[in-house]
Structures are given as structure tokens and as C-alpha cells.
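File shown: data-v9.cif. Contents: mmCIF, C-alpha atoms and all ligand atoms.
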```
data_protein
#
loop_
_atom_site.group_PDB
_atom_site.id
_atom_site.type_symbol
_atom_site.label_atom_id
_atom_site.label_comp_id
_atom_site.auth_asym_id
_atom_site.auth_seq_id
_atom_site.Cartn_x
_atom_site.Cartn_y
_atom_site.Cartn_z
ATOM 1 C CA SER A 8 18.814 -3.641 -18.767
ATOM 2 C CA VAL A 9 16.216 -1.372 -20.300
ATOM 3 C CA SER A 10 15.238 -1.967 -23.894
ATOM 4 C CA ALA A 11 14.842 1.015 -26.212
ATOM 5 C CA GLU A 12 11.178 0.253 -26.584
ATOM 6 C CA SER A 13 10.501 0.261 -22.888
ATOM 7 C CA LEU A 14 12.028 3.723 -22.571
ATOM 8 C CA ASN A 15 9.646 5.158 -25.098
ATOM 9 C CA PRO A 16 6.506 6.232 -23.264
ATOM 10 C CA THR A 17 4.396 6.397 -26.440
ATOM 11 C CA SER A 18 5.076 2.756 -27.225
ATOM 12 C CA SER A 19 2.710 1.851 -24.412
ATOM 13 C CA GLY A 20 -0.075 3.527 -26.388
ATOM 14 C CA SER A 21 0.348 1.499 -29.554
ATOM 15 C CA ASP A 22 -2.644 -0.618 -30.436
ATOM 16 C CA SER A 23 -0.629 -3.506 -31.798
ATOM 17 C CA TRP A 24 0.567 -4.264 -28.275
ATOM 18 C CA SER A 25 -0.193 -7.653 -26.886
ATOM 19 C CA PRO A 26 0.825 -8.564 -23.373
ATOM 20 C CA PRO A 27 3.782 -10.901 -22.850
ATOM 21 C CA PHE A 28 2.828 -14.473 -22.059
ATOM 22 C CA HIS A 29 5.182 -16.487 -19.868
ATOM 23 C CA PRO A 30 3.834 -20.026 -19.336
ATOM 24 C CA LYS A 31 3.972 -21.205 -15.746
ATOM 25 C CA SER A 32 3.901 -24.519 -13.935
ATOM 26 C CA ASP A 33 1.065 -25.262 -11.525
ATOM 27 C CA ASP A 34 3.496 -24.731 -8.682
ATOM 28 C CA GLN A 35 4.515 -21.314 -10.015
ATOM 29 C CA VAL A 36 0.900 -20.284 -10.481
ATOM 30 C CA SER A 37 -0.029 -21.180 -6.935
ATOM 31 C CA ARG A 38 3.034 -19.468 -5.450
ATOM 32 C CA LEU A 39 2.389 -16.387 -7.559
ATOM 33 C CA LYS A 40 -1.267 -16.210 -6.573
ATOM 34 C CA LYS A 41 -0.230 -16.367 -2.949
ATOM 35 C CA ALA A 42 2.371 -13.640 -3.413
ATOM 36 C CA VAL A 43 -0.081 -11.204 -5.004
ATOM 37 C CA SER A 44 -2.998 -12.014 -2.712
ATOM 38 C CA GLY A 45 -1.731 -9.605 -0.079
ATOM 39 C CA ASN A 46 -0.829 -6.866 -2.547
ATOM 40 C CA PHE A 47 -3.287 -4.003 -2.778
ATOM 41 C CA LEU A 48 -2.316 -3.016 -6.312
ATOM 42 C CA PHE A 49 -3.842 -6.310 -7.423
ATOM 43 C CA SER A 50 -6.948 -6.331 -5.290
ATOM 44 C CA HIS A 51 -8.780 -3.907 -7.550
ATOM 45 C CA LEU A 52 -8.156 -5.713 -10.837
ATOM 46 C CA ASP A 53 -11.004 -7.522 -12.561
ATOM 47 C CA ASP A 54 -10.476 -11.228 -13.409
ATOM 48 C CA GLU A 55 -9.425 -10.610 -16.984
ATOM 49 C CA HIS A 56 -6.808 -8.002 -16.110
ATOM 50 C CA LEU A 57 -5.553 -10.124 -13.244
ATOM 51 C CA LYS A 58 -5.024 -13.040 -15.638
ATOM 52 C CA THR A 59 -3.156 -10.801 -18.094
ATOM 53 C CA VAL A 60 -0.840 -9.626 -15.327
ATOM 54 C CA LEU A 61 -0.269 -13.124 -13.902
ATOM 55 C CA ASP A 62 0.611 -14.391 -17.401
ATOM 56 C CA ALA A 63 3.044 -11.516 -17.936
ATOM 57 C CA LEU A 64 4.963 -11.880 -14.676
ATOM 58 C CA VAL A 65 8.364 -13.577 -14.773
ATOM 59 C CA GLU A 66 9.939 -15.397 -11.846
ATOM 60 C CA LYS A 67 13.238 -13.884 -10.774
ATOM 61 C CA PRO A 68 15.193 -15.885 -8.197
ATOM 62 C CA ILE A 69 17.680 -13.802 -6.198
ATOM 63 C CA PRO A 70 20.382 -16.251 -5.129
ATOM 64 C CA ALA A 71 22.323 -14.163 -2.602
ATOM 65 C CA LYS A 72 22.392 -11.356 -0.105
ATOM 66 C CA ASP A 73 23.468 -7.849 -1.160
ATOM 67 C CA ILE A 74 22.219 -8.068 -4.732
ATOM 68 C CA LYS A 75 21.068 -4.734 -6.126
ATOM 69 C CA VAL A 76 17.743 -5.293 -7.807
ATOM 70 C CA ILE A 77 17.186 -1.586 -8.467
ATOM 71 C CA THR A 78 19.764 1.199 -8.466
ATOM 72 C CA GLN A 79 18.704 4.710 -7.486
ATOM 73 C CA GLY A 80 18.957 7.097 -10.435
ATOM 74 C CA ASP A 81 18.523 4.423 -13.137
ATOM 75 C CA ALA A 82 15.658 4.359 -15.617
ATOM 76 C CA GLY A 83 12.732 2.103 -14.694
ATOM 77 C CA ASP A 84 12.218 -1.177 -16.522
ATOM 78 C CA TYR A 85 10.390 -3.565 -14.172
ATOM 79 C CA PHE A 86 7.981 -3.565 -11.259
ATOM 80 C CA TYR A 87 8.597 -6.289 -8.650
ATOM 81 C CA ILE A 88 6.532 -8.339 -6.231
ATOM 82 C CA VAL A 89 8.221 -10.113 -3.338
ATOM 83 C CA GLU A 90 7.347 -13.786 -2.900
ATOM 84 C CA GLU A 91 10.087 -14.713 -0.452
ATOM 85 C CA GLY A 92 12.860 -12.863 1.374
ATOM 86 C CA ALA A 93 13.403 -9.307 2.542
ATOM 87 C CA PHE A 94 14.680 -6.307 0.608
ATOM 88 C CA GLY A 95 16.155 -3.086 1.946
ATOM 89 C CA VAL A 96 15.248 0.357 0.578
ATOM 90 C CA PHE A 97 18.227 2.743 0.495
ATOM 91 C CA ILE A 98 18.175 6.409 -0.456
ATOM 92 C CA HIS A 99 21.292 8.404 -1.221
ATOM 93 C CA PRO A 100 20.792 12.123 -0.616
ATOM 94 C CA SER A 101 22.555 13.047 -3.864
ATOM 95 C CA GLY A 102 19.785 11.325 -5.851
ATOM 96 C CA ALA A 103 21.986 8.619 -7.370
ATOM 97 C CA ALA A 104 23.589 5.625 -5.697
ATOM 98 C CA GLN A 105 27.287 5.136 -6.256
ATOM 99 C CA SER A 106 28.489 1.927 -7.834
ATOM 100 C CA GLY A 107 29.147 -1.056 -5.610
ATOM 101 C CA LEU A 108 27.761 -1.357 -2.136
ATOM 102 C CA ASP A 109 29.456 1.810 -0.835
ATOM 103 C CA GLY A 110 27.441 4.960 -1.052
ATOM 104 C CA LEU A 111 24.077 3.241 -0.970
ATOM 105 C CA GLY A 112 22.786 5.952 1.294
ATOM 106 C CA ASN A 113 20.566 5.359 4.294
ATOM 107 C CA GLN A 114 18.204 2.478 4.715
ATOM 108 C CA VAL A 115 14.717 4.011 4.884
ATOM 109 C CA GLY A 116 12.641 0.876 4.909
ATOM 110 C CA SER A 117 12.316 -2.789 4.060
ATOM 111 C CA ILE A 118 9.903 -4.821 1.985
ATOM 112 C CA GLY A 119 8.902 -8.433 2.656
ATOM 113 C CA PRO A 120 6.689 -11.173 1.186
ATOM 114 C CA GLY A 121 3.521 -9.835 -0.457
ATOM 115 C CA GLY A 122 5.052 -6.368 -0.769
ATOM 116 C CA SER A 123 6.132 -4.733 -3.997
ATOM 117 C CA PHE A 124 8.492 -2.049 -5.247
ATOM 118 C CA GLY A 125 9.657 -0.269 -8.363
ATOM 119 C CA GLU A 126 6.342 1.319 -9.318
ATOM 120 C CA LEU A 127 7.367 4.955 -8.948
ATOM 121 C CA ALA A 128 9.767 5.204 -11.879
ATOM 122 C CA LEU A 129 7.224 3.434 -14.084
ATOM 123 C CA MET A 130 4.290 5.575 -13.003
ATOM 124 C CA TYR A 131 6.027 8.922 -13.262
ATOM 125 C CA ASN A 132 8.670 8.221 -15.936
ATOM 126 C CA ALA A 133 11.152 9.249 -13.263
ATOM 127 C CA PRO A 134 14.575 7.906 -12.270
ATOM 128 C CA ARG A 135 14.537 5.164 -9.637
ATOM 129 C CA ALA A 136 13.891 6.907 -6.300
ATOM 130 C CA ALA A 137 15.789 4.356 -4.210
ATOM 131 C CA THR A 138 18.172 1.421 -4.359
ATOM 132 C CA ILE A 139 16.689 -1.971 -3.522
ATOM 133 C CA LEU A 140 19.063 -4.568 -2.092
ATOM 134 C CA SER A 141 18.430 -8.202 -1.167
ATOM 135 C CA LEU A 142 18.853 -8.784 2.574
ATOM 136 C CA ASP A 143 18.517 -12.589 2.673
ATOM 137 C CA ALA A 144 20.714 -15.355 1.287
ATOM 138 C CA LYS A 145 17.892 -16.494 -0.963
ATOM 139 C CA SER A 146 14.783 -14.712 -2.162
ATOM 140 C CA THR A 147 12.235 -14.809 -4.948
ATOM 141 C CA LEU A 148 10.775 -11.926 -6.926
ATOM 142 C CA TRP A 149 8.233 -11.738 -9.706
ATOM 143 C CA ALA A 150 8.890 -9.071 -12.326
ATOM 144 C CA LEU A 151 6.341 -7.242 -14.474
ATOM 145 C CA ASP A 152 7.536 -5.344 -17.533
ATOM 146 C CA ARG A 153 7.010 -1.632 -17.755
ATOM 147 C CA ILE A 154 4.447 -1.651 -20.545
ATOM 148 C CA THR A 155 2.150 -4.243 -18.990
ATOM 149 C CA PHE A 156 2.473 -2.377 -15.704
ATOM 150 C CA ARG A 157 1.448 0.886 -17.364
ATOM 151 C CA ARG A 158 -1.308 -0.577 -19.517
ATOM 152 C CA ILE A 159 -2.970 -2.791 -16.927
ATOM 153 C CA LEU A 160 -1.945 -2.042 -13.359
ATOM 154 C CA MET A 161 -1.281 1.653 -13.424
ATOM 155 C CA ASP A 162 -4.649 3.078 -14.316
ATOM 156 C CA SER A 163 -6.381 1.808 -11.234
ATOM 157 C CA ALA A 164 -3.370 2.393 -8.983
ATOM 158 C CA PHE A 165 -2.782 5.900 -10.243
ATOM 159 C CA GLN A 166 -6.398 6.960 -9.961
ATOM 160 C CA ARG A 167 -6.620 5.622 -6.461
ATOM 161 C CA ARG A 168 -3.438 7.363 -5.357
ATOM 162 C CA ARG A 169 -4.526 10.653 -6.876
ATOM 163 C CA MET A 170 -8.032 10.426 -5.517
ATOM 164 C CA TYR A 171 -6.885 9.859 -1.947
ATOM 165 C CA GLU A 172 -3.661 11.889 -1.850
ATOM 166 C CA ALA A 173 -5.284 15.242 -1.120
ATOM 167 C CA PHE A 174 -7.641 13.731 1.450
ATOM 168 C CA LEU A 175 -4.943 11.750 3.283
ATOM 169 C CA GLU A 176 -2.783 14.862 3.458
ATOM 170 C CA GLU A 177 -5.399 16.592 5.577
ATOM 171 C CA VAL A 178 -5.951 13.681 7.985
ATOM 172 C CA PRO A 179 -4.222 14.793 11.214
ATOM 173 C CA LEU A 180 -3.410 11.198 12.256
ATOM 174 C CA LEU A 181 -1.294 10.741 9.111
ATOM 175 C CA ALA A 182 0.493 14.105 9.186
ATOM 176 C CA SER A 183 3.762 12.617 10.441
ATOM 177 C CA LEU A 184 3.982 10.092 7.600
ATOM 178 C CA LYS A 185 6.087 10.570 4.495
ATOM 179 C CA PRO A 186 4.148 11.249 1.278
ATOM 180 C CA TYR A 187 5.243 7.843 -0.017
ATOM 181 C CA GLU A 188 3.792 6.140 3.055
ATOM 182 C CA ARG A 189 0.469 7.933 2.478
ATOM 183 C CA SER A 190 0.504 6.756 -1.162
ATOM 184 C CA LYS A 191 0.810 3.171 0.018
ATOM 185 C CA ILE A 192 -2.217 3.720 2.256
ATOM 186 C CA ALA A 193 -4.111 5.184 -0.712
ATOM 187 C CA ASP A 194 -3.483 1.948 -2.644
ATOM 188 C CA ALA A 195 -5.113 -0.042 0.122
ATOM 189 C CA LEU A 196 -8.274 2.020 0.734
ATOM 190 C CA ASP A 197 -11.792 1.306 -0.458
ATOM 191 C CA THR A 198 -14.521 3.900 -0.419
ATOM 192 C CA ILE A 199 -17.836 2.861 1.093
ATOM 193 C CA LYS A 200 -20.993 4.953 1.329
ATOM 194 C CA TYR A 201 -23.513 4.689 4.148
ATOM 195 C CA ALA A 202 -26.970 6.277 4.219
ATOM 196 C CA ALA A 203 -27.936 8.435 7.194
ATOM 197 C CA GLY A 204 -28.928 6.227 10.130
ATOM 198 C CA SER A 205 -27.044 3.119 9.050
ATOM 199 C CA ILE A 206 -24.641 1.223 11.255
ATOM 200 C CA ILE A 207 -20.981 1.267 10.191
ATOM 201 C CA ILE A 208 -19.634 -0.599 13.211
ATOM 202 C CA ASN A 209 -21.635 -2.728 15.606
ATOM 203 C CA GLU A 210 -20.579 -2.818 19.274
ATOM 204 C CA GLY A 211 -19.422 -6.323 20.270
ATOM 205 C CA ASP A 212 -18.591 -7.492 16.740
ATOM 206 C CA PRO A 213 -15.063 -8.653 15.921
ATOM 207 C CA GLY A 214 -13.020 -5.961 14.184
ATOM 208 C CA ASP A 215 -11.936 -6.409 10.595
ATOM 209 C CA ALA A 216 -11.319 -2.848 9.369
ATOM 210 C CA PHE A 217 -10.297 0.690 10.208
ATOM 211 C CA TYR A 218 -12.103 3.744 8.838
ATOM 212 C CA LEU A 219 -11.318 7.311 7.867
ATOM 213 C CA LEU A 220 -14.296 9.603 7.475
ATOM 214 C CA GLU A 221 -14.229 11.260 4.046
ATOM 215 C CA SER A 222 -17.508 13.179 4.212
ATOM 216 C CA GLY A 223 -20.587 13.551 6.384
ATOM 217 C CA GLU A 224 -20.987 13.130 10.141
ATOM 218 C CA ALA A 225 -20.913 9.990 12.247
ATOM 219 C CA GLU A 226 -21.128 9.229 15.944
ATOM 220 C CA ALA A 227 -19.952 6.551 18.301
ATOM 221 C CA THR A 228 -22.457 5.150 20.763
ATOM 222 C CA LYS A 229 -22.053 2.824 23.709
ATOM 223 C CA ALA A 230 -25.164 1.127 25.057
ATOM 224 C CA GLY A 231 -27.185 3.589 22.983
ATOM 225 C CA MET A 232 -25.503 6.708 24.441
ATOM 226 C CA SER A 233 -23.550 9.033 22.201
ATOM 227 C CA VAL A 234 -19.867 9.091 23.276
ATOM 228 C CA LYS A 235 -18.035 10.787 20.410
ATOM 229 C CA SER A 236 -18.748 12.476 17.090
ATOM 230 C CA TYR A 237 -16.753 12.353 13.903
ATOM 231 C CA SER A 238 -16.361 14.627 10.905
ATOM 232 C CA ARG A 239 -14.143 14.721 7.805
ATOM 233 C CA GLY A 240 -10.590 13.571 8.513
ATOM 234 C CA ASP A 241 -11.439 11.728 11.745
ATOM 235 C CA TYR A 242 -10.823 8.007 12.171
ATOM 236 C CA PHE A 243 -12.462 5.157 14.054
ATOM 237 C CA GLY A 244 -12.370 1.385 14.352
ATOM 238 C CA GLU A 245 -8.720 1.226 15.423
ATOM 239 C CA LEU A 246 -9.178 -0.169 18.951
ATOM 240 C CA ALA A 247 -10.462 -3.617 18.033
ATOM 241 C CA LEU A 248 -7.563 -4.007 15.605
ATOM 242 C CA LEU A 249 -4.873 -2.662 17.934
ATOM 243 C CA ASP A 250 -5.851 -4.892 20.819
ATOM 244 C CA ASP A 251 -7.675 -7.786 19.111
ATOM 245 C CA LYS A 252 -10.801 -7.017 21.078
ATOM 246 C CA PRO A 253 -14.474 -6.843 20.074
ATOM 247 C CA ARG A 254 -15.801 -3.481 18.909
ATOM 248 C CA ALA A 255 -15.980 -1.260 22.002
ATOM 249 C CA ALA A 256 -18.700 0.977 20.578
ATOM 250 C CA SER A 257 -21.065 1.258 17.634
ATOM 251 C CA VAL A 258 -20.506 3.883 14.977
ATOM 252 C CA ILE A 259 -23.583 5.213 13.211
ATOM 253 C CA ALA A 260 -23.883 7.504 10.180
ATOM 254 C CA LYS A 261 -25.642 10.709 11.308
ATOM 255 C CA THR A 262 -25.841 12.030 7.733
ATOM 256 C CA ASP A 263 -25.061 10.278 4.469
ATOM 257 C CA VAL A 264 -21.366 9.479 4.820
ATOM 258 C CA LYS A 265 -18.458 8.317 2.762
ATOM 259 C CA VAL A 266 -15.714 6.371 4.523
ATOM 260 C CA ALA A 267 -12.354 5.108 3.343
ATOM 261 C CA ARG A 268 -11.965 1.579 4.655
ATOM 262 C CA LEU A 269 -8.627 -0.078 5.409
ATOM 263 C CA GLY A 270 -8.713 -3.832 6.095
ATOM 264 C CA ARG A 271 -6.924 -5.452 9.015
ATOM 265 C CA ASP A 272 -3.826 -6.477 7.031
ATOM 266 C CA GLY A 273 -3.364 -3.010 5.568
ATOM 267 C CA PHE A 274 -3.896 -1.476 8.987
ATOM 268 C CA LYS A 275 -1.200 -3.656 10.540
ATOM 269 C CA ARG A 276 1.203 -3.180 7.691
ATOM 270 C CA LEU A 277 0.763 0.516 6.961
ATOM 271 C CA LEU A 278 -0.254 2.226 10.184
ATOM 272 C CA GLY A 279 2.483 0.891 12.453
ATOM 273 C CA PRO A 280 4.258 4.278 12.473
ATOM 274 C CA VAL A 281 1.185 6.039 13.933
ATOM 275 C CA GLU A 282 0.181 3.338 16.410
ATOM 276 C CA GLN A 283 1.429 5.382 19.358
ATOM 277 C CA ILE A 284 -0.650 8.370 18.251
ATOM 278 C CA MET A 285 -3.742 6.185 18.089
ATOM 279 C CA ARG A 286 -3.006 4.720 21.513
ATOM 280 C CA ARG A 287 -2.694 8.188 23.036
ATOM 281 C CA THR A 288 -6.350 8.990 22.387
ATOM 282 C CA GLU A 289 -8.410 8.955 25.584
ATOM 283 C CA TYR A 290 -11.570 6.851 25.402
ATOM 284 C CA ASP A 291 -12.482 6.455 29.022
ATOM 285 C CA VAL A 292 -15.883 8.101 29.324
ATOM 286 C CA ASP A 293 -16.707 6.564 32.680
ATOM 287 C CA PRO A 294 -16.475 9.497 35.151
ATOM 288 C CA SER A 295 -15.761 7.122 38.070
ATOM 289 C CA LYS A 296 -12.438 6.246 36.463
ATOM 290 C CA THR A 297 -10.312 9.334 36.509
ATOM 291 C CA SER A 298 -7.110 9.252 34.507
ATOM 292 C CA PRO A 299 -3.889 10.261 36.282
HETATM 293 P P1 LIG A 301 11.187 3.203 -7.963
HETATM 294 O O1 LIG A 301 10.695 2.795 -9.300
HETATM 295 O O2 LIG A 301 11.554 4.636 -7.776
HETATM 296 C C1 LIG A 301 12.767 2.265 -6.142
HETATM 297 O O3 LIG A 301 12.400 2.282 -7.528
HETATM 298 C C2 LIG A 301 11.556 1.858 -5.360
HETATM 299 O O4 LIG A 301 11.704 1.867 -3.955
HETATM 300 C C3 LIG A 301 10.440 2.865 -5.549
HETATM 301 O O5 LIG A 301 10.028 2.844 -6.912
HETATM 302 C C4 LIG A 301 9.465 2.383 -4.517
HETATM 303 O O6 LIG A 301 8.734 1.306 -5.022
HETATM 304 C C5 LIG A 301 10.374 1.843 -3.415
HETATM 305 N N1 LIG A 301 10.715 6.533 -1.148
HETATM 306 C C6 LIG A 301 10.820 6.179 -2.451
HETATM 307 N N2 LIG A 301 10.723 4.915 -2.918
HETATM 308 C C7 LIG A 301 10.507 3.953 -2.014
HETATM 309 C C8 LIG A 301 10.407 4.250 -0.649
HETATM 310 C C9 LIG A 301 10.516 5.600 -0.215
HETATM 311 N N3 LIG A 301 10.182 3.085 -0.015
HETATM 312 C C10 LIG A 301 10.155 2.110 -0.949
HETATM 313 N N4 LIG A 301 10.354 2.623 -2.165
HETATM 314 N N5 LIG A 301 10.429 5.998 1.111
HETATM 315 C C11 LIG A 301 10.391 5.057 2.218
HETATM 316 C C12 LIG A 301 9.096 5.140 2.984
HETATM 317 C C13 LIG A 301 9.082 4.175 4.136
HETATM 318 C C14 LIG A 301 10.437 7.442 1.452
HETATM 319 C C15 LIG A 301 11.784 7.873 2.000
HETATM 320 C C16 LIG A 301 11.871 9.369 2.164
#
```
Here is a file; write its structure as C-alpha cells.
Ligand code: 1OR
Amino acid sequence: SVSAESLNPTSSGSDSWSPPFHPKSDDQVSRLKKAVSGNFLFSHLDDEHLKTVLDALVEKPIPAKDIKVITQGDAGDYFYIVEEGAFGVFIHPSGAAQSGLDGLGNQVGSIGPGGSFGELALMYNAPRAATILSLDAKSTLWALDRITFRRILMDSAFQRRRMYEAFLEEVPLLASLKPYERSKIADALDTIKYAAGSIIINEGDPGDAFYLLESGEAEATKAGMSVKSYSRGDYFGELALLDDKPRAASVIAKTDVKVARLGRDGFKRLLGPVEQIMRRTEYDVDPSKTSP
């Protein structure tokens, strides 16, 4: 159910707006905080904005399997965060799901605890791009109204997506991903700058992040010897995360560099589809070990 006000894009610009306030029990607050802690759209909010959003969210229990939370083709009213349970993403090629559970289209993905959905229609004033269906007998969602989403969450999310979209498109590793999958990566990236000569990764350290090189030149060294060089669009730091091993090499900024950093959780969650590509890369620089 979409109210007339929430369909009017200019109503989100009115100055008399004050965010909805839904009081919560201590238990709700702690469950909600846990649910959003793994969500990248929230990790860039300052404390005040985070509080506004937490106050505005409404708990939405989903009591059964096969409940349609979002129907492809509808107008957007809410953005959802998953606390508990799994949800299937279905896309019908005609652009609109049929009524009932027939004609849902193909399942293109699923979303679990800590994940979120329903942002696209709110960001772009577009029809719902997919149908979202509950897959478990019992699940819990938190819903954020369209206006609070647009006023508080969207600015940072939108800017981040736009800023990284063009760059991620030219990263060869990510070429096989769908644009929507690259957008989710964009949400999770942080830009970090390093001055020429500084150490980005230290050989032997535990690995906590993966890096894409946005600008400048970097090189990997092992025991002080250069083993690989990197330029825009290249990636490094994947091995320690893939295999839970210490850093196999150091990576040093040769010039001033800008890197996009993806933390371990984001790496595991978002780069699964390209894991095989990363594993194919040959690292063995020891000439006594010849590969078959
Ligand atoms: P929405 O507001 O359009 C449906 O409502 C939601 O499904 C959508 O926002 C996204 O949050 C979510 N393509 C489009 N929407 C997706 C996709 C998706 N996955 C989740 N949603 N694709 C799946 C990528 C793994 C691309 C398929 C071609």
C-alpha cells in the first residue's frame, strides 16, 4: 500500500518534514542494531542520521513461506532490511510479475540476514525491478519508509554508487558481474589514499581487506624483492582472505595511490561469483616450481 504522499517525489523536499518515530523496546533496539551492523548502506551514516533511521524503522514479522513482500512492477513504498530468514529475488522477463505465485519469473538471487532490498525503486522512482518472496516459515524484516530513505540514506548511498560505478565497470575482474552486483560492491567500498612509499599490506600480517587500485602505481614485494606491479583497475589482497592465510607479500605504493578497500565480510559476500577468476591467477614466482 503506497500512500499518495509517498508517491509524490517533491514531498520529500518539503521543509516541514519530520522523520517518523516508532518507539522500540530494548530487545527490538538490540536486534535492529545487529541487523544493520552488517549492512553497508548504514556503515557510512553519522551517529545522528543513524539514530533517525533506527527510530524510523518498523518491525515487520513475516509469518510464513511464499509471502510476496515486493511485487515486480509495483511502485516503491518501503526499503527493507532482513533480520532473520531468507528471501528469494525473482525477475519476470516481461517486467511485471503476474498475480499469485505463478509467473514469478526466474529466481536470480537470495537475500539473508543483514542484507537489504527494495532500494532501487526508491532511488530511481522506478517500478519494482524484482519480486521478493519469503523462503522460510518465519522471518523478520525492518521497513523504512520511502521519504526517510530518500532524505537520510539515499544521499550517501547514491553518491557512492555513482562515484564507483564507472570505475568498477572498467575493472577486468568484475566484468562478468551484473551491473546490480557491481552496485552492491560500490556500496561496500571505502576509498583510502596512500602517499608514495607507504605500506598498504604488510607480508605476514593477517588479512582483513581486499583492494582495488583506483589511481597510481603499486608493487608487491616478497622478502624485499619486487614480484608484481599494479596499476588502475588491478586488485590485490585476495589471497589471505580466500585461504585464511597470512599476507603472502607486501604491497607498497610506488606513487601516491588511491585504493578502494573492501572489508572481509563484503569480500566474502559480494565477490563469491568471481572467486574462481581470482584463484586462476598464477602467483608462483619460484622458478624451481614449474607449473604443469
Ligand atoms: P526494488 O525497489 O526494485 C526489488 O525492488 C528489489 O530486489 C530491488 O529493489 C533490489 O533491492 C532487489 N536486479 C534487480 N533487483 C534486485 C536484484 C537484481 N537482486 C536483488 N534485487 N539482480 C540480481 C543480482 C544478483 C540482477 C538480475 C539481472
Give, as lines of an AutoDock Vina configuration file, the centre coordinates and the x, y and z edge lengths in Å to one decimal for an axis-aligned box around all listed atoms of ligand LIG 301 (chain A), padded by 6 Å on each side.
```
center_x = 10.8
center_y = 5.3
center_z = -2.6
size_x = 16.0
size_y = 20.1
size_z = 25.4
```
Can you spell out as a CSV table (one decimal) with C-alpha atoms, keeping the file's coordinate frame the set of residues that the PyMOL selection byres (((chain A and resi 169) around 12) and not hetatm) selects in the structure I just provided?
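Writing the result to expr37.csv gives the following:
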```
chain,number,residue,atom,x,y,z
A,130,MET,CA,4.3,5.6,-13.0
A,161,MET,CA,-1.3,1.7,-13.4
A,162,ASP,CA,-4.6,3.1,-14.3
A,163,SER,CA,-6.4,1.8,-11.2
A,164,ALA,CA,-3.4,2.4,-9.0
A,165,PHE,CA,-2.8,5.9,-10.2
A,166,GLN,CA,-6.4,7.0,-10.0
A,167,ARG,CA,-6.6,5.6,-6.5
A,168,ARG,CA,-3.4,7.4,-5.4
A,170,MET,CA,-8.0,10.4,-5.5
A,171,TYR,CA,-6.9,9.9,-1.9
A,172,GLU,CA,-3.7,11.9,-1.8
A,173,ALA,CA,-5.3,15.2,-1.1
A,174,PHE,CA,-7.6,13.7,1.4
A,175,LEU,CA,-4.9,11.8,3.3
A,176,GLU,CA,-2.8,14.9,3.5
A,186,PRO,CA,4.1,11.2,1.3
A,189,ARG,CA,0.5,7.9,2.5
A,190,SER,CA,0.5,6.8,-1.2
A,191,LYS,CA,0.8,3.2,0.0
A,192,ILE,CA,-2.2,3.7,2.3
A,193,ALA,CA,-4.1,5.2,-0.7
A,194,ASP,CA,-3.5,1.9,-2.6
```
Original post:
If you apply the PyMOL selection byres (((chain A and resi 207) around 7) and not hetatm) to this file, what residues do you get, as a ChimeraX atom specification?
Top reply: /A:205-206,208-209,258-260
Hey, which bits of segment 131-193 of chain A sit within 10 Å of segment 114-121 of chain A, and for each residue what's the closest pair of atoms and how far apart in Å (one decimal), counting only C-alpha atoms, rows by chain and increasing number, as a tab-separated table?
```
residue	atom	partner	partner_atom	distance
A:Ala137	CA	A:Val115	CA	9.2
A:Thr138	CA	A:Gln114	CA	9.1
A:Ile139	CA	A:Ser117	CA	8.8
A:Leu140	CA	A:Ser117	CA	9.3
A:Ser141	CA	A:Ser117	CA	9.7
A:Leu142	CA	A:Ser117	CA	9.0
A:Ser146	CA	A:Pro120	CA	9.4
A:Thr147	CA	A:Pro120	CA	9.0
A:Leu148	CA	A:Pro120	CA	9.1
```
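Atom to atom, atom CA of Pro26 of chain A and atom CA of Asp197 of chain A stand 28.0 Å apart.
Using only C-alpha atoms and all ligand atoms, the shortest contact distance between ligand LIG 301 (chain A) and any of A:Gln79, A:Ser101, A:Ser50, A:Ser238 is found at A:Gln79.
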**OP:** Pick out the residues no farther than 6 Å from ligand LIG 301 (chain A), counting only C-alpha atoms and all ligand atoms, and list them as a PyMOL selection string.
**Re:** chain A and resi 83+96+115-116+124-129+135-138+187-188
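Checking A:Ala42, A:Leu278, A:Leu108, A:Val60 one by one against Asp73 of chain A, counting all atoms listed in the file, you find the shortest gap at A:Leu108.
The gap separating atom CA of Lys265 of chain A from atom CA of Gly223 of chain A is 6.7 Å, in Å to one decimal.
Distance annotation: of A:Lys261, A:Lys41, A:Arg153, A:Lys31, the residue with the minimal separation from Glu226 of chain A is A:Lys261; atom set is all atoms listed in the file.
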Suppose a student applies the PyMOL selection byres (((chain A and resi 266) around 7) and not hetatm) to this structure; what residues should they get, written as an mmCIF file with C-alpha atoms, in the frame of the given file?
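Saved file selection10.cif follows:
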```cif
data_model
loop_
_atom_site.group_PDB
_atom_site.id
_atom_site.type_symbol
_atom_site.label_atom_id
_atom_site.label_comp_id
_atom_site.auth_asym_id
_atom_site.auth_seq_id
_atom_site.Cartn_x
_atom_site.Cartn_y
_atom_site.Cartn_z
ATOM 1 C CA THR A 198 -14.521 3.900 -0.419
ATOM 2 C CA ILE A 199 -17.836 2.861 1.093
ATOM 3 C CA LYS A 200 -20.993 4.953 1.329
ATOM 4 C CA TYR A 218 -12.103 3.744 8.838
ATOM 5 C CA LEU A 219 -11.318 7.311 7.867
ATOM 6 C CA LEU A 220 -14.296 9.603 7.475
ATOM 7 C CA GLU A 221 -14.229 11.260 4.046
ATOM 8 C CA VAL A 264 -21.366 9.479 4.820
ATOM 9 C CA LYS A 265 -18.458 8.317 2.762
ATOM 10 C CA ALA A 267 -12.354 5.108 3.343
ATOM 11 C CA ARG A 268 -11.965 1.579 4.655
#
```
